[in-house]
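Trainee: Here you go, this is final21.cif (mmCIF, C-alpha atoms).
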data_my_file
#
loop_
_atom_site.label_atom_id
_atom_site.label_comp_id
_atom_site.auth_asym_id
_atom_site.auth_seq_id
_atom_site.Cartn_x
_atom_site.Cartn_y
_atom_site.Cartn_z
CA SER A 1307 0.00 0.00 0.00
CA GLY A 1308 0.95 3.65 -0.08
CA SER A 1309 1.12 4.58 -3.76
CA SER A 1310 -1.42 5.50 -6.41
CA LYS A 1311 -1.02 3.13 -9.34
CA LEU A 1312 -0.79 4.68 -12.80
CA ALA A 1313 -0.90 1.52 -14.89
CA LYS A 1314 -4.25 2.25 -16.57
CA ILE A 1315 -5.31 5.47 -18.28
CA THR A 1316 -8.79 6.53 -17.24
CA ASP A 1317 -10.70 9.23 -19.09
CA GLY A 1318 -12.86 11.72 -17.29
CA ALA A 1319 -10.70 13.67 -14.87
CA VAL A 1320 -12.12 17.18 -14.54
CA ILE A 1321 -9.92 20.26 -14.74
CA PHE A 1322 -10.46 23.34 -12.54
CA ASP A 1323 -8.53 26.47 -13.50
CA GLY A 1324 -8.64 28.20 -10.11
CA THR A 1325 -10.71 31.16 -11.31
CA GLY A 1326 -14.36 30.27 -10.89
CA ASP A 1327 -14.57 26.62 -11.99
CA TYR A 1328 -16.64 24.34 -9.77
CA LEU A 1329 -19.19 21.55 -9.64
CA ASN A 1330 -22.26 21.67 -7.43
CA THR A 1331 -24.85 19.10 -6.43
CA ALA A 1332 -28.05 20.03 -4.61
CA TRP A 1333 -28.41 18.92 -1.02
CA SER A 1334 -30.10 15.61 -0.30
CA SER A 1335 -30.84 13.62 2.83
CA ASP A 1336 -28.23 11.23 1.43
CA PHE A 1337 -25.59 13.75 2.47
CA ALA A 1338 -26.98 14.22 5.99
CA PHE A 1339 -24.42 12.01 7.71
CA GLY A 1340 -25.49 12.88 11.23
CA THR A 1341 -23.22 10.98 13.61
CA GLY A 1342 -22.89 7.95 11.34
CA ASP A 1343 -20.22 6.40 9.16
CA PHE A 1344 -19.18 7.90 5.83
CA THR A 1345 -16.38 7.76 3.29
CA ILE A 1346 -15.33 10.53 0.90
CA GLU A 1347 -12.60 9.62 -1.56
CA MET A 1348 -11.12 10.91 -4.79
CA PHE A 1349 -7.95 11.36 -6.80
CA VAL A 1350 -6.56 14.90 -6.91
CA TYR A 1351 -3.81 16.48 -9.01
CA TRP A 1352 -3.15 19.81 -7.33
CA GLN A 1353 -1.37 22.46 -9.35
CA GLY A 1354 -0.57 24.68 -6.41
CA GLY A 1355 -1.33 28.30 -5.72
CA THR A 1356 -0.55 30.94 -3.11
CA GLY A 1357 -3.37 30.15 -0.70
CA THR A 1358 -5.96 27.57 0.30
CA SER A 1359 -7.38 25.54 -2.58
CA THR A 1360 -10.59 23.76 -1.59
CA VAL A 1361 -11.36 20.37 -3.11
CA LEU A 1362 -14.81 19.81 -1.60
CA ALA A 1363 -16.94 21.76 0.86
CA TRP A 1364 -20.37 22.52 2.22
CA GLY A 1365 -21.77 24.59 5.07
CA GLU A 1366 -24.69 26.73 6.18
CA ASP A 1367 -22.30 29.38 7.56
CA ILE A 1368 -18.83 29.77 9.04
CA ASN A 1369 -19.95 28.04 12.24
CA ASN A 1370 -21.43 25.01 10.47
CA ARG A 1371 -19.16 23.72 7.71
CA PHE A 1372 -17.03 20.91 6.36
CA ASP A 1373 -14.19 21.15 3.88
CA ILE A 1374 -11.23 19.30 2.43
CA GLY A 1375 -8.50 21.53 1.06
CA CYS A 1376 -4.92 21.94 -0.10
CA GLN A 1377 -2.85 24.70 1.42
CA THR A 1378 0.55 26.32 1.01
CA ALA A 1379 3.57 24.28 2.12
CA ASN A 1380 1.89 21.29 0.42
CA GLN A 1381 -0.47 20.87 3.36
CA ILE A 1382 -3.75 18.96 3.17
CA ARG A 1383 -6.46 19.78 5.71
CA VAL A 1384 -9.82 18.36 6.77
CA PHE A 1385 -12.05 20.63 8.85
CA ALA A 1386 -15.47 20.12 10.45
CA ARG A 1387 -17.46 22.47 12.68
CA THR A 1388 -21.04 22.31 13.94
CA GLY A 1389 -22.78 24.91 16.08
CA GLY A 1390 -19.58 26.93 16.34
CA THR A 1391 -17.62 24.01 17.82
CA THR A 1392 -14.76 22.63 15.75
CA PHE A 1393 -14.57 18.87 16.22
CA VAL A 1394 -12.16 17.97 13.42
CA ASN A 1395 -9.16 20.01 12.28
CA MET A 1396 -6.65 17.61 10.77
CA SER A 1397 -3.71 18.82 8.71
CA VAL A 1398 -0.72 17.06 7.23
CA ALA A 1399 2.33 19.12 6.33
CA ASN A 1400 3.86 18.03 3.03
CA GLY A 1401 0.94 15.65 2.68
CA ILE A 1402 0.28 16.56 -0.94
CA SER A 1403 2.60 17.31 -3.84
CA THR A 1404 1.89 19.59 -6.76
CA ASN A 1405 1.55 18.10 -10.24
CA LYS A 1406 1.17 14.55 -8.97
CA TRP A 1407 -1.87 12.31 -8.62
CA ILE A 1408 -2.78 11.60 -4.98
CA HIS A 1409 -5.59 9.42 -3.65
CA LEU A 1410 -7.40 11.01 -0.71
CA ALA A 1411 -9.90 9.32 1.59
CA VAL A 1412 -11.68 10.84 4.58
CA VAL A 1413 -13.41 8.20 6.70
CA ARG A 1414 -15.61 8.51 9.75
CA ASN A 1415 -15.97 5.37 11.85
CA SER A 1416 -18.75 6.02 14.34
CA SER A 1417 -18.19 2.89 16.41
CA ALA A 1418 -14.56 3.86 16.94
CA GLU A 1419 -15.50 7.57 17.25
CA THR A 1420 -12.76 8.52 14.80
CA MET A 1421 -12.33 10.49 11.60
CA LYS A 1422 -9.23 9.64 9.59
CA LEU A 1423 -7.41 11.02 6.58
CA TYR A 1424 -5.69 8.56 4.28
CA ILE A 1425 -3.23 9.71 1.62
CA ASP A 1426 -2.38 7.11 -1.01
CA GLY A 1427 -3.79 4.45 1.28
CA VAL A 1428 -1.76 5.39 4.34
CA GLU A 1429 -3.33 6.88 7.47
CA LYS A 1430 -1.76 10.32 7.87
CA ALA A 1431 -4.05 11.99 10.43
CA SER A 1432 -6.74 10.92 12.86
CA THR A 1433 -9.12 12.64 15.26
CA SER A 1434 -10.53 10.68 18.20
CA SER A 1435 -13.70 11.13 20.29
CA VAL A 1436 -15.63 12.31 17.21
CA THR A 1437 -19.27 12.22 18.29
CA ALA A 1438 -20.66 15.48 16.89
CA THR A 1439 -23.31 15.70 14.19
CA MET A 1440 -21.92 16.60 10.78
CA PRO A 1441 -22.95 20.00 9.37
CA THR A 1442 -25.32 20.35 6.42
CA ASN A 1443 -26.14 22.86 3.70
CA THR A 1444 -29.73 22.30 2.67
CA SER A 1445 -29.84 25.56 0.71
CA ASP A 1446 -26.74 25.35 -1.45
CA GLY A 1447 -25.61 21.73 -1.51
CA ILE A 1448 -22.06 20.50 -1.98
CA ASP A 1449 -19.41 22.33 -3.99
CA ILE A 1450 -16.52 20.54 -5.64
CA GLY A 1451 -13.62 22.80 -6.53
CA ARG A 1452 -14.26 25.67 -4.14
CA ARG A 1453 -15.26 26.52 -0.57
CA ARG A 1454 -18.86 27.53 0.17
CA TYR A 1455 -20.51 28.78 3.35
CA ALA A 1456 -24.09 29.61 2.45
CA SER A 1457 -23.82 32.11 -0.44
CA THR A 1458 -20.15 32.96 0.22
CA THR A 1459 -17.61 31.20 -1.98
CA SER A 1460 -13.80 31.31 -1.99
CA ASP A 1461 -10.57 29.32 -2.34
CA ASP A 1462 -11.07 28.03 -5.88
CA TYR A 1463 -9.24 24.81 -6.63
CA GLN A 1464 -6.61 24.66 -9.37
CA GLY A 1465 -5.91 21.21 -10.76
CA PHE A 1466 -7.67 17.97 -11.62
CA ILE A 1467 -10.16 15.79 -9.74
CA SER A 1468 -11.00 12.24 -10.76
CA ASN A 1469 -13.29 9.49 -9.45
CA LEU A 1470 -14.91 11.33 -6.56
CA ARG A 1471 -17.15 9.09 -4.48
CA ILE A 1472 -19.25 9.78 -1.37
CA ILE A 1473 -20.57 6.84 0.62
CA LYS A 1474 -23.03 7.23 3.49
CA GLY A 1475 -23.31 4.56 6.14
CA THR A 1476 -20.01 2.77 5.48
CA ALA A 1477 -16.51 3.39 6.83
CA LEU A 1478 -14.94 1.81 3.76
CA TYR A 1479 -11.36 1.97 4.99
CA THR A 1480 -10.44 1.25 8.62
CA SER A 1481 -6.73 0.58 8.15
CA ASN A 1482 -4.05 1.17 5.54
CA PHE A 1483 -4.99 -0.05 2.06
CA THR A 1484 -3.82 -0.20 -1.54
CA PRO A 1485 -5.37 2.73 -3.46
CA PRO A 1486 -7.80 1.79 -6.25
CA SER A 1487 -6.25 1.07 -9.62
CA GLU A 1488 -9.54 0.91 -11.56
CA PRO A 1489 -12.37 3.46 -11.87
CA LEU A 1490 -14.48 3.62 -8.71
CA THR A 1491 -17.88 1.96 -8.91
CA ASN A 1492 -21.32 2.35 -7.41
CA VAL A 1493 -20.73 0.17 -4.36
CA THR A 1494 -23.30 -0.30 -1.60
CA ASN A 1495 -24.32 3.03 -0.01
CA THR A 1496 -22.77 5.18 -2.76
CA LYS A 1497 -24.51 8.55 -2.80
CA LEU A 1498 -22.33 10.47 -5.27
CA LEU A 1499 -19.99 9.21 -7.99
CA CYS A 1500 -18.60 11.71 -10.47
CA CYS A 1501 -15.55 13.07 -12.30
CA GLN A 1502 -15.02 9.89 -14.28
CA SER A 1503 -16.69 10.53 -17.66
CA ASN A 1504 -14.86 11.50 -20.85
CA THR A 1505 -17.91 13.25 -22.30
CA SER A 1506 -19.47 15.25 -19.46
CA ALA A 1507 -18.28 16.85 -16.24
CA THR A 1508 -21.78 16.36 -14.84
CA GLU A 1509 -22.16 12.69 -15.65
CA GLY A 1510 -22.71 10.14 -12.93
CA ASP A 1511 -21.74 6.47 -12.97
CA THR A 1512 -20.76 4.32 -15.91
CA SER A 1513 -24.37 3.85 -16.96
CA GLY A 1514 -24.09 7.24 -18.67
CA ALA A 1515 -26.84 8.90 -16.65
CA THR A 1516 -26.52 12.65 -16.32
CA VAL A 1517 -27.55 12.57 -12.69
CA THR A 1518 -25.64 11.61 -9.63
CA VAL A 1519 -26.05 7.97 -8.71
CA PRO A 1520 -28.21 7.05 -6.92
CA VAL A 1521 -29.06 10.61 -5.79
CA SER A 1522 -31.71 12.24 -7.98
CA ALA A 1523 -30.18 15.72 -7.93
CA THR A 1524 -28.22 16.79 -10.99
CA ILE A 1525 -24.67 18.07 -10.82
CA SER A 1526 -24.24 21.51 -12.33
CA ALA A 1527 -20.97 22.75 -13.77
CA GLY A 1528 -19.57 26.23 -13.34
CA GLY A 1529 -17.15 26.38 -16.23
CA VAL A 1530 -15.24 23.16 -15.59
CA ARG A 1531 -14.09 21.03 -18.48
CA VAL A 1532 -13.70 17.30 -18.89
CA TYR A 1533 -10.08 16.34 -19.36
CA ALA A 1534 -9.82 13.38 -21.72
CA ALA A 1535 -7.12 10.75 -21.76
CA VAL A 1536 -3.60 12.06 -21.28
CA THR A 1537 -1.30 9.60 -19.58
CA SER A 1538 0.33 12.05 -17.16
CA SER A 1539 -2.98 13.55 -16.09
CA ASN A 1540 -5.11 10.51 -15.31
CA PRO A 1541 -4.63 8.54 -12.11
CA LEU A 1542 -5.68 5.00 -13.02
#
Take the structure from the file and write it as structure tokens.
Mentor:
Amino acid sequence: SGSSKLAKITDGAVIFDGTGDYLNTAWSSDFAFGTGDFTIEMFVYWQGGTGTSTVLAWGEDINNRFDIGCQTANQIRVFARTGGTTFVNMSVANGISTNKWIHLAVVRNSSAETMKLYIDGVEKASTSSVTATMPTNTSDGIDIGRRRYASTTSDDYQGFISNLRIIKGTALYTSNFTPPSEPLTNVTNTKLLCCQSNTSATEGDTSGATVTVPVSATISAGGVRVYAAVTSSNPL
């Protein structure tokens, strides 16, 4: 474990230019994790920048939010706050390199009361005694490629994202693992699966549906472009 395999070219990575590109999916009860298990994973190819570059985020306001982001000094951070109380603030210095595919996985295990960050299949950060309810954003949904608190957006992401999957009700990884080497699939409890089509940034699973799978809400694109097969810029 511990390295993202590059043996197979996979179409469908999505490019974000850092100046207004994003994906958004409307909120659904499928994203209301509460205090239960969940897994969020994806491949990212960060192209750097001078400040925070948010990969995925949602939140009603600054006191109720969740985000995964890249920061200066090649730092990756996972942050969660509900009701003004921060219950997860994990960061890994030099956890992410620019211009290199990295597999990220954020996993909450409710029975163990932990939230963990895995980078290329290796546990790099962990928060214990995690019992708080996860924040929501029923008005604005989930943004991919920028930070959002209610109507306020910032920290646009510059780089590529591929094979983003959100699973509710399953802590898919509980120890170190070998990162996927094939496109992610619609496994049990998958609520969002995107950034893996070579024809549409808003396409869902491999069935070709233009909706998230199995969520009924569509994904809308804010200027992002599908990035078709180029060996150096596809993770699988």
Trainee: Which value, in Å to one decimal, gives the distance between atom CA of A:Tyr1351 and atom CA of A:Ala1477?
Mentor: 24.2 Å
Trainee: Using all atoms listed in the file, find the one residue out of A:Arg1414, A:Lys1422, A:Arg1471, A:Arg1383 that sits nearest to A:Val1493.
Mentor: A:Arg1471
Trainee: Give me, as a PyMOL selection string, all polymer residues having an atom no more than 10 Å from A:Met1396, counting all atoms listed in the file and skipping those fewer than 6 positions away in the same chain.
Mentor: chain A and resi 1374+1382-1386+1421-1423+1430-1433
Trainee: Using Å and a single decimal, report how far atom CA of A:Ser1416 sits from atom CA of A:Ser1434.
Mentor: 10.2 Å
Trainee: Quick check, in Å to one decimal: how far apart do atom CA of A:Asp1449 and atom CA of A:Thr1494 lie?
Mentor: 23.1 Å
Trainee: Do you know which residues the PyMOL selection byres ((chain A and resi 1399) around 12) returns on this file, as a PyMOL selection string?
Mentor: chain A and resi 1376-1383+1396-1398+1400-1403+1425+1430-1431
Trainee: Could you list, as a PyMOL selection string, every residue matched by the PyMOL selection byres ((chain A and resi 1472) around 7) in this structure?
Mentor: chain A and resi 1345-1347+1470-1471+1473-1474+1496-1499
Trainee: Hey, which of A:Asn1405, A:Thr1341, A:Thr1420, A:Thr1480 ends up closest to A:Phe1466? Count only C-alpha atoms.
Mentor: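 Under the stated criterion, the closest residue is A:Asn1405.
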Trainee: Starting from 5 Å padding per side, set up an axis-aligned box that covers all listed atoms of stretch 1369-1372 of chain A and hand over centre and edge lengths in Å, one decimal, as lines of an AutoDock Vina configuration file.
Mentor:
center_x = -19.2
center_y = 24.5
center_z = 9.3
size_x = 14.4
size_y = 17.1
size_z = 15.9
Trainee: When you look at A:Gly1324 with a cut-off of 7 Å (counting all atoms listed in the file), what residues show up, excluding the ones that are within fewer than 5 positions of it in the same chain? I need them as a PyMOL selection string.
Mentor: chain A and resi 1462-1464
Trainee: Name the residues captured by the PyMOL selection byres ((chain A and resi 1444) around 8) when it is applied to the shown file; answer as a list in words.
Mentor: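 Given this file, the PyMOL selection byres ((chain A and resi 1444) around 8) evaluates to Ala1332, Trp1333, Ser1334, Glu1366, Thr1442, Asn1443, Ser1445, Asp1446 and Gly1447 of chain A.
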Trainee: Neighbourhood query: residues within 9 Å of (-20.1, 13.9, 9.1), file coordinates, counting only C-alpha atoms; return as a VMD selection string.
Mentor: chain A and resid 1337 to 1344 1372 1386 1414 1421 1438 to 1442
Trainee: Those residues with C-alpha atoms, as a short mmCIF file (atom, residue, chain, number, x, y, z; two decimals), in the coordinates of the input please?
Mentor:
data_model
loop_
_atom_site.label_atom_id
_atom_site.label_comp_id
_atom_site.auth_asym_id
_atom_site.auth_seq_id
_atom_site.Cartn_x
_atom_site.Cartn_y
_atom_site.Cartn_z
CA PHE A 1337 -25.59 13.75 2.47
CA ALA A 1338 -26.98 14.22 5.99
CA PHE A 1339 -24.42 12.01 7.71
CA GLY A 1340 -25.49 12.88 11.23
CA THR A 1341 -23.22 10.98 13.61
CA GLY A 1342 -22.89 7.95 11.34
CA ASP A 1343 -20.22 6.40 9.16
CA PHE A 1344 -19.18 7.90 5.83
CA PHE A 1372 -17.03 20.91 6.36
CA ALA A 1386 -15.47 20.12 10.45
CA ARG A 1414 -15.61 8.51 9.75
CA MET A 1421 -12.33 10.49 11.60
CA ALA A 1438 -20.66 15.48 16.89
CA THR A 1439 -23.31 15.70 14.19
CA MET A 1440 -21.92 16.60 10.78
CA PRO A 1441 -22.95 20.00 9.37
CA THR A 1442 -25.32 20.35 6.42
#
Trainee: A:Thr1391, A:Thr1331, A:Lys1406, A:Ile1321: which is nearest A:Asn1369, counting only C-alpha atoms?
Mentor: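 Closest candidate: A:Thr1391.
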Trainee: Looking at only C-alpha atoms, which of A:Ser1487, A:Pro1541, A:Leu1478, A:Ile1368 is the one that sits closest to A:Thr1458?
Mentor: A:Ile1368
Trainee: Looking at all atoms listed in the file, which of A:Val1413, A:Ala1363, A:Ala1319, A:Val1436 is the one that sits closest to A:Tyr1455?
Mentor: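 The answer is A:Ala1363, which sits nearest to A:Tyr1455.
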Trainee: Using all atoms listed in the file, can you tell me which of A:Leu1490, A:Ala1456, A:Leu1362, A:Val1350 comes closest to A:Asn1330?
Mentor: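 That would be A:Leu1362, the residue with the smallest distance to A:Asn1330.
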